[in-house]
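S.K.: I am attaching a structure below and will ask some questions about it afterwards.
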Amino acid sequence: MERDPGPGGARRALGRLLEAVLASRGEANAVFDILAVLQSEDQEEIQEAVRACSRLFGALLERGELFVGQLPPEETVMAGSQGATRKYKMWMRHRYHSCCNCLGELLAHPSFQVKELALGTLMKFVQLEGAHPLEKPKWEGNYLFPRPLFKMVVEGLLSLEEDRSLLLSQFREYLEHDDIRYHTMQAASDVVARVANGHPEVPLIFCNNAFTLLSAVSLPRQESDISSFYVRRTELLDKWKVTHLKEHRRAFQLMWLGFLKHKLPLSICKKVLVIMHDSILPHLAQPSLMIDFLTRAYDIGGAISLLALNGLFILIHKHNLEYPDFYRKLYGLLDPSVFHVKYRARFFHLADLFLSSSHLPAYLVAAFAKRLSRLALTAPPEALLMVLPFICNLLRRHPACRVLVHRPGGPELDADPYDPGEEDPAKSRALESSLWELQALQRHYHPEVSKAASVINQVLSVPEVSLAPLLELTAFEVFERDLKKGPESVPLEFIPARGLLGRRDDLCAQHFTLS
């Protein structure tokens with residue numbers, strides 16, 4: 001292609017080629033010159049070539065000048081005895097495929113502007129090809145969607161070598177359309193399965209890209225909300241799966257189960273567990289199928305186990321999940337680090353819910369109260385202001401555990417019978433012990449902690465203390481609250497001093513003055 005000199009020369013040259021191809025079929029070979037510019041080293045030229053291809057093949061799709069049906073190999077087309085018009089349409093359809101492949105490769109271009117333009121052009125082709133299908137319907141009312149082209153777009157977004165989070169953020173706007181969202185779930189499932197089966201360990205970059213895409217998929221709450229379609233249709237037929245929320249939920253379930261069944265990095269597991277309870281489980285056709293992933297995560301320990309609690313809570317309370325040794329594993333999560341993790345508030349909120357049942361045995365509740373009391377000895381003040389009311393609430397709910405703070409006629413103990421190293425709360429002998437740790441905390445250096453620990457010295461009130469405002473309490477908030485307290489007036493003398501040298505009749509004031 002001959003470029004015009006000066007700025008904008010490539011644009012003008014491409015414009016002339018584009019007009020020639022659209023005006024006359026005899027100039028069809030000029031398409032090669034346009035496609036060649038897609039391989040240019042110059043970023044501006046590539047963008048002009050992408051815009052030219054968008055206009056060219058967009059017009060050809062709308063005019064019906066691309067072959068419709070099963071496309072034969074190009075060698076067969078040129079050697080066959082078809083008519084000139086049929087050969088032209090087949091030949092131009094091959095050029096269209098070459099253009100789409102080049103645009104797919106440009107999704108990996110170093111320049112984000114080129115990536116963004118290539119993505120927008122491919123999605124334009126998806127819309128036009130959906131409205132003007134390049135395949136023949138198998139029966140009347142057959143639902144047609146350019147799946148191969150759209151799958152190539154999804155494959156380009158789910159890169160194995162490069163973080164595509166910025167490009168995926170641009171793709172999110174397309175997920176607002178119901179048909180795009182439905183086919184994204186299907187294509188993502190296929191790509192994840194292919195990559196995972198081809199690699200003994202799924203690459204971290206691919207996992208991050210896949211999670212970014214999967215987490216961006218949000219299903220509507222009711223079927224009547226399915227009304228926004230990217231590919232324009234004259235009418236929506238009830239027999240099309242894409243129009244039913246049940247099919248969307250099924251595709252959503254297959255997508256997530258296919259992703260989570262593989263061995264994923266712990267960083268990805270954390271991200272999944274954070275959104276599990278409100279963005280994944282409510283949209284699954286069968287939420288109970290998540291039990292395998294959640295139990296595996298719960299058995300890992302540490303922050304992963306804390307995050308898995310939320311999903312398990314939903315399955316236990318809403319889907320009647322039976323989980324053996326649940327409280328034993330919950331008891332095992334209580335260690336000194338629980339007061340310092342990022343998800344402390346979520347953990348204690350759920351632990352409070354799990355221990356709220358009045359049908360729990362006294363030995364189990366006593367074990368939790370004793371373990372928390374022992375950990376409280378080394379906890380920071382902001383955690384103590386939440387843990388101490390937590391323990392007192394346990395004693396309010398379960399009167400049988402009040403022997404931990406008042407045991408009339410109890411034996412004299414030379415040592416604490418509680419075994420902190422025992423993993424089974426039933427064997428920890430917590431009910432034989434006492435909460436002497438709370439009495440020790442009454443001498444804490446922070447006055448609010450001392451006050452909170454002194455609550456056990458009186459009869460516990462019937463209404464429980466709300467933990468909601470205490471769960472998110474931070475050291476900064478505690479410090480700020482202390483600073484805002486005004487100074488208390490403390491009587492130092494019966495007759496207050498006046499001035500720097502004392503009272504007027506003071507000996508010092510008689511002989512000295514300040515001037």
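Here, A, B, ... name the chains of the structure tokens in the order displayed, residue numbers run from 1 inside each chain, and ligands are numbered from 1 in the same displayed order.
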Contacts of Arg51 in chain A at 9 Å or less, counting only C-alpha atoms, minus same-chain residues fewer than 6 places along, as a CSV table (one decimal) with C-alpha atoms, in the first residue's frame?
M.R.:
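Contents of the output file part-v8.csv:
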```
chain,number,residue,atom,x,y,z
A,117,LEU,CA,-10.0,-1.1,19.6
A,118,ALA,CA,-9.6,-4.7,18.6
A,121,THR,CA,-14.3,-4.3,16.6
```
S.K.: What's around Phe171 in chain A at 9 Å? Count only C-alpha atoms, leave out sequence neighbours fewer than 5 positions away in its own chain, and write the answer as a ChimeraX atom specification.
M.R.: /A:119-120,157,166,213
S.K.: Which residue, A:Arg397, A:Arg11, A:Arg233, A:Lys427, has the smallest gap to Leu460 in chain A when you use only C-alpha atoms?
M.R.: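 Among A:Arg397, A:Arg11, A:Arg233, A:Lys427, it is A:Arg397 that comes nearest to Leu460 in chain A.
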S.K.: Nearest residue to His94 in chain A out of A:Phe211, A:Tyr363, A:Phe293, A:Phe32, using only C-alpha atoms?
M.R.: A:Phe32
S.K.: Can you pull out every residue within 7 Å of Glu135 in chain A, counting only C-alpha atoms, but drop anything in the same chain fewer than 4 positions away, and send it as a list of chain:residue names?
M.R.: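 Non-adjacent residues within range: A:Val68, A:Gly69, A:Gln70.
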S.K.: Could you take the residues named above and write them with N, CA, C and O atoms, as a compact mmCIF listing (two decimals), in the first residue's frame?
M.R.:
```txt
# COMPACT_ATOMS: atom_id res chain seq x y z
N VAL A 68 -22.75 -17.76 3.10
CA VAL A 68 -23.52 -18.31 4.22
C VAL A 68 -23.54 -19.83 4.10
O VAL A 68 -23.94 -20.36 3.05
N GLY A 69 -23.13 -20.53 5.14
CA GLY A 69 -23.12 -21.99 5.13
C GLY A 69 -21.77 -22.54 5.51
O GLY A 69 -20.86 -21.82 5.97
N GLN A 70 -21.61 -23.87 5.33
CA GLN A 70 -20.35 -24.53 5.63
C GLN A 70 -19.29 -24.09 4.63
O GLN A 70 -19.40 -24.36 3.45
```
S.K.: Pick out the residues sitting within 6 Å of range 178-192 of chain A, and hand them over as a VMD selection string; count only C-alpha atoms, and ignore anything fewer than 4 positions along from it in its own chain.
M.R.: chain A and resid 151 196 228 to 229 255
S.K.: Output N, CA, C and O atoms for every residue in that selection, as a PDB file, in the first residue's frame.
M.R.:
```pdb
ATOM      1  N   LYS A 151     -16.066 -17.234  21.082  1.00  0.00           N
ATOM      2  CA  LYS A 151     -15.144 -18.032  21.892  1.00  0.00           C
ATOM      3  C   LYS A 151     -13.708 -17.569  21.688  1.00  0.00           C
ATOM      4  O   LYS A 151     -12.892 -17.575  22.625  1.00  0.00           O
ATOM      5  N   ALA A 196      -6.781 -26.149  31.827  1.00  0.00           N
ATOM      6  CA  ALA A 196      -6.482 -26.959  33.006  1.00  0.00           C
ATOM      7  C   ALA A 196      -6.063 -28.377  32.621  1.00  0.00           C
ATOM      8  O   ALA A 196      -5.161 -28.953  33.247  1.00  0.00           O
ATOM      9  N   SER A 228     -32.463  -7.845  27.889  1.00  0.00           N
ATOM     10  CA  SER A 228     -31.460  -7.056  27.173  1.00  0.00           C
ATOM     11  C   SER A 228     -30.579  -7.987  26.349  1.00  0.00           C
ATOM     12  O   SER A 228     -29.830  -8.798  26.917  1.00  0.00           O
ATOM     13  N   PHE A 229     -30.675  -7.872  25.013  1.00  0.00           N
ATOM     14  CA  PHE A 229     -29.897  -8.739  24.128  1.00  0.00           C
ATOM     15  C   PHE A 229     -28.999  -7.889  23.236  1.00  0.00           C
ATOM     16  O   PHE A 229     -29.454  -6.904  22.650  1.00  0.00           O
ATOM     17  N   MET A 255     -19.906 -23.281  35.085  1.00  0.00           N
ATOM     18  CA  MET A 255     -18.728 -22.435  34.953  1.00  0.00           C
ATOM     19  C   MET A 255     -17.918 -22.430  36.251  1.00  0.00           C
ATOM     20  O   MET A 255     -16.703 -22.666  36.242  1.00  0.00           O
TER      21      MET A 255
END
```
S.K.: What's the 12 Å shell around Ser227 in chain A, counting only C-alpha atoms, without same-chain residues fewer than 3 positions away, as a list in words?
M.R.: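 Here the answer would be Glu176, His177, Asp178, Asp179, Pro220, Gln222, Glu223, Ser224, Tyr230, Val231, Arg232, Arg233, Glu235, Leu236, Leu237, Val242, Thr243, His244 and Leu245 of chain A.
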S.K.: Could you state the separation of CA of Cys53 in chain A and CA of Leu122 in chain A in Å, given to one decimal place?
M.R.: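 Atom-to-atom, CA of Cys53 in chain A and CA of Leu122 in chain A are spaced 10.3 Å apart.
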